[in-house]
Amino acid sequence: MEELKRFLQEHNFTDVRFNELLAKYTSFEVGGKAKVLITPDSKKQIISLVKFLYQHKIPFKVLGNGSNILISDNDYDGVIIKTNKALNYMSLDNETVVIGCGYSLVKLAYKMIDYELAGCEFLGGIPGTIGGAVYMNAGAYNREMKDIVEKVELINNHGELVTYYNDDLQYSYRNSILQTKKPLLIIEATLKLQKGANTTA
């Protein structure tokens, strides 16, 4: 733990909480305490943190918005990484959206209305973040993430930074290869949308 504390200080992590009650971070308001809860400030910080924890064999789990997730009331003797700050970004290049996996699905759906881009309206009523949606191929109204995901950047279960393209993800109903491969962290997704005025979420 002392080694982790030194790492966090050296890399200027500002939001670190010890013995933090996880019920505060879930929509069902359940969950015991985590030994450490860390909210990184940037993509660079979160990648370096995941690699550090992996290399030092420190157990950790990743938490997005905490929507529709049941966390045990037992305490967790490891690190919880909150993604909603470091991976809450979005950039747009014509019809291509590069989006951090801590970004809200509902926020994305409504944001694309402003840009008159169609393709992700089905996300408007789904709680959670891009990371969870990519992982389990979230969908509604006969549309799924497989229809809009071009590629995904992640840290695999060997601690390597890799890219999975749509075909690599082997999407099926509420499933993807990620549920088998179990990456350490899904970082960002590139989505391909289409021009379409007057879209609604």
# chains A, B, ... in the order shown; residues from 1 in each chain; ligands from 1
$ residues_around --residues "Asn137 of chain A" --least-positions-apart "4" --cutoff "6 Å" --atoms "only C-alpha atoms" --output "list in words"
Ala133, Met145, Arg174 and Asn175 of chain A
$ residues_around --residues "segment 147-157 of chain A" --least-positions-apart "6" --cutoff "8 Å" --atoms "only C-alpha atoms" --output "list in words"
Ile47, Gly119, Cys120, Val134, Thr163, Tyr164, Tyr165, Asn166, Lys181, Lys182, Pro183, Leu184, Leu185, Ile186, Ile187, Glu188, Ala189, Thr190, Leu191, Lys192 and Leu193 of chain A
$ write_last_selection --atoms "N, CA and C atoms" --output "PDB file, in the first residue's frame"
ATOM      1  N   ILE A  47      -4.418   5.249 -17.465  1.00  0.00           N
ATOM      2  CA  ILE A  47      -3.636   4.191 -18.109  1.00  0.00           C
ATOM      3  C   ILE A  47      -2.426   3.832 -17.248  1.00  0.00           C
ATOM      4  N   GLY A 119     -27.793   7.706 -35.521  1.00  0.00           N
ATOM      5  CA  GLY A 119     -27.210   6.385 -35.331  1.00  0.00           C
ATOM      6  C   GLY A 119     -27.175   5.924 -33.897  1.00  0.00           C
ATOM      7  N   CYS A 120     -27.177   6.874 -32.949  1.00  0.00           N
ATOM      8  CA  CYS A 120     -27.090   6.473 -31.545  1.00  0.00           C
ATOM      9  C   CYS A 120     -28.315   6.893 -30.738  1.00  0.00           C
ATOM     10  N   VAL A 134     -20.201  -0.854 -24.701  1.00  0.00           N
ATOM     11  CA  VAL A 134     -19.306  -1.541 -25.631  1.00  0.00           C
ATOM     12  C   VAL A 134     -19.081  -2.979 -25.171  1.00  0.00           C
ATOM     13  N   THR A 163      -5.857  -2.312 -29.731  1.00  0.00           N
ATOM     14  CA  THR A 163      -7.069  -1.850 -30.411  1.00  0.00           C
ATOM     15  C   THR A 163      -7.836  -3.048 -30.957  1.00  0.00           C
ATOM     16  N   TYR A 164      -9.129  -3.085 -30.698  1.00  0.00           N
ATOM     17  CA  TYR A 164     -10.020  -4.096 -31.268  1.00  0.00           C
ATOM     18  C   TYR A 164     -10.934  -3.399 -32.271  1.00  0.00           C
ATOM     19  N   TYR A 165     -11.004  -3.928 -33.487  1.00  0.00           N
ATOM     20  CA  TYR A 165     -11.922  -3.401 -34.487  1.00  0.00           C
ATOM     21  C   TYR A 165     -13.257  -4.139 -34.391  1.00  0.00           C
ATOM     22  N   ASN A 166     -14.263  -3.628 -35.085  1.00  0.00           N
ATOM     23  CA  ASN A 166     -15.615  -4.162 -34.960  1.00  0.00           C
ATOM     24  C   ASN A 166     -15.650  -5.686 -35.118  1.00  0.00           C
ATOM     25  N   LYS A 181     -12.509 -12.225 -22.948  1.00  0.00           N
ATOM     26  CA  LYS A 181     -11.135 -11.749 -22.809  1.00  0.00           C
ATOM     27  C   LYS A 181     -10.910 -10.980 -21.509  1.00  0.00           C
ATOM     28  N   LYS A 182     -11.971 -10.335 -21.005  1.00  0.00           N
ATOM     29  CA  LYS A 182     -11.918  -9.576 -19.755  1.00  0.00           C
ATOM     30  C   LYS A 182     -10.731  -8.601 -19.696  1.00  0.00           C
ATOM     31  N   PRO A 183     -10.778  -7.544 -20.495  1.00  0.00           N
ATOM     32  CA  PRO A 183      -9.698  -6.546 -20.460  1.00  0.00           C
ATOM     33  C   PRO A 183      -9.620  -5.868 -19.101  1.00  0.00           C
ATOM     34  N   LEU A 184      -8.444  -5.347 -18.784  1.00  0.00           N
ATOM     35  CA  LEU A 184      -8.277  -4.623 -17.531  1.00  0.00           C
ATOM     36  C   LEU A 184      -9.032  -3.305 -17.551  1.00  0.00           C
ATOM     37  N   LEU A 185      -9.105  -2.676 -18.726  1.00  0.00           N
ATOM     38  CA  LEU A 185      -9.773  -1.383 -18.846  1.00  0.00           C
ATOM     39  C   LEU A 185     -10.139  -1.102 -20.297  1.00  0.00           C
ATOM     40  N   ILE A 186     -11.384  -0.724 -20.532  1.00  0.00           N
ATOM     41  CA  ILE A 186     -11.800  -0.217 -21.835  1.00  0.00           C
ATOM     42  C   ILE A 186     -11.624   1.301 -21.775  1.00  0.00           C
ATOM     43  N   ILE A 187     -10.802   1.844 -22.670  1.00  0.00           N
ATOM     44  CA  ILE A 187     -10.416   3.255 -22.579  1.00  0.00           C
ATOM     45  C   ILE A 187     -11.323   4.152 -23.415  1.00  0.00           C
ATOM     46  N   GLU A 188     -11.421   3.887 -24.700  1.00  0.00           N
ATOM     47  CA  GLU A 188     -12.241   4.731 -25.560  1.00  0.00           C
ATOM     48  C   GLU A 188     -12.768   3.949 -26.748  1.00  0.00           C
ATOM     49  N   ALA A 189     -13.815   4.492 -27.355  1.00  0.00           N
ATOM     50  CA  ALA A 189     -14.408   3.876 -28.536  1.00  0.00           C
ATOM     51  C   ALA A 189     -14.464   4.908 -29.652  1.00  0.00           C
ATOM     52  N   THR A 190     -14.324   4.424 -30.881  1.00  0.00           N
ATOM     53  CA  THR A 190     -14.545   5.250 -32.064  1.00  0.00           C
ATOM     54  C   THR A 190     -15.846   4.786 -32.699  1.00  0.00           C
ATOM     55  N   LEU A 191     -16.789   5.726 -32.839  1.00  0.00           N
ATOM     56  CA  LEU A 191     -18.114   5.412 -33.371  1.00  0.00           C
ATOM     57  C   LEU A 191     -18.282   6.039 -34.740  1.00  0.00           C
ATOM     58  N   LYS A 192     -18.963   5.347 -35.630  1.00  0.00           N
ATOM     59  CA  LYS A 192     -19.250   5.864 -36.960  1.00  0.00           C
ATOM     60  C   LYS A 192     -20.749   6.116 -37.069  1.00  0.00           C
ATOM     61  N   LEU A 193     -21.123   7.389 -37.218  1.00  0.00           N
ATOM     62  CA  LEU A 193     -22.530   7.779 -37.324  1.00  0.00           C
ATOM     63  C   LEU A 193     -22.811   8.283 -38.737  1.00  0.00           C
TER      64      LEU A 193
END
$ select_by_dssp --residues "segment 34-123 of chain A" --states "strand (DSSP E)" --output "JSON, numbers by chain"
{"A": [34, 35, 36, 37, 38, 60, 61, 62, 63, 76, 77, 78, 79, 80, 81, 82, 90, 91, 92, 93, 96, 97, 98, 99, 100, 117, 118]}
$ residues_around --residues "segment 121-124 of chain A" --least-positions-apart "2" --cutoff "7 Å" --atoms "only C-alpha atoms" --output "JSON, numbers by chain"
{"A": [105, 106, 109, 110, 118, 119, 126, 139, 140, 141, 143, 200, 201]}
$ closest_residue --among "A:Asp168, A:Asp75, A:Glu3, A:Asp41" --to "Leu21 of chain A" --atoms "only C-alpha atoms"
A:Asp75
$ closest_residue --among "A:Gln45, A:Thr39, A:Gln55, A:Asn19" --to "His158 of chain A" --atoms "only C-alpha atoms"
A:Gln55
$ atom_distance --atom1 "atom CA of Ile71 of chain A" --atom2 "atom CA of Gly132 of chain A"
15.5 Å
$ select_by_dssp --residues "segment 57-110 of chain A" --states "helix (DSSP H, G or I)" --output "list in words"
Leu105, Val106, Lys107, Leu108, Ala109 and Tyr110 of chain A
$ write_last_selection --atoms "N, CA and C atoms" --output "compact mmCIF listing (two decimals), in the first residue's frame"
# COMPACT_ATOMS: atom_id res chain seq x y z
N LEU A 105 -24.13 7.53 -21.83
CA LEU A 105 -24.86 7.16 -23.04
C LEU A 105 -25.96 8.17 -23.36
N VAL A 106 -26.70 8.56 -22.34
CA VAL A 106 -27.80 9.52 -22.54
C VAL A 106 -27.25 10.86 -23.03
N LYS A 107 -26.15 11.30 -22.43
CA LYS A 107 -25.52 12.56 -22.83
C LYS A 107 -25.08 12.50 -24.29
N LEU A 108 -24.50 11.37 -24.69
CA LEU A 108 -24.06 11.20 -26.08
C LEU A 108 -25.24 11.30 -27.04
N ALA A 109 -26.33 10.59 -26.73
CA ALA A 109 -27.50 10.56 -27.62
C ALA A 109 -28.03 11.97 -27.85
N TYR A 110 -28.14 12.74 -26.80
CA TYR A 110 -28.69 14.10 -26.94
C TYR A 110 -27.68 15.06 -27.55
$ closest_residue --among "A:Ile58, A:Leu70, A:Ile130, A:Leu37" --to "Val98 of chain A" --atoms "only C-alpha atoms"
A:Ile130
$ atom_distance --atom1 "atom CA of Ile69 of chain A" --atom2 "atom CA of Gly125 of chain A"
16.6 Å
$ residues_around --residues "Thr83 of chain A" --least-positions-apart "2" --cutoff "7 Å" --atoms "only C-alpha atoms" --output "PDB file with C-alpha atoms, in the first residue's frame"
ATOM      1  CA  THR A  39     -10.782   9.005  -9.541  1.00  0.00           C
ATOM      2  CA  LEU A  63     -16.536   1.566 -11.978  1.00  0.00           C
ATOM      3  CA  GLY A  64     -18.366   3.881 -14.382  1.00  0.00           C
ATOM      4  CA  ILE A  81     -11.047   3.113 -10.232  1.00  0.00           C
ATOM      5  CA  LYS A  85     -13.678  12.065 -14.908  1.00  0.00           C
ATOM      6  CA  ALA A  86     -10.627  10.772 -16.800  1.00  0.00           C
ATOM      7  CA  LEU A  87     -12.623   9.133 -19.598  1.00  0.00           C
ATOM      8  CA  GLY A 102     -16.676   7.089 -18.956  1.00  0.00           C
TER       9      GLY A 102
END
$ atom_distance --atom1 "atom CA of Gly131 of chain A" --atom2 "atom CA of Gly100 of chain A"
7.9 Å
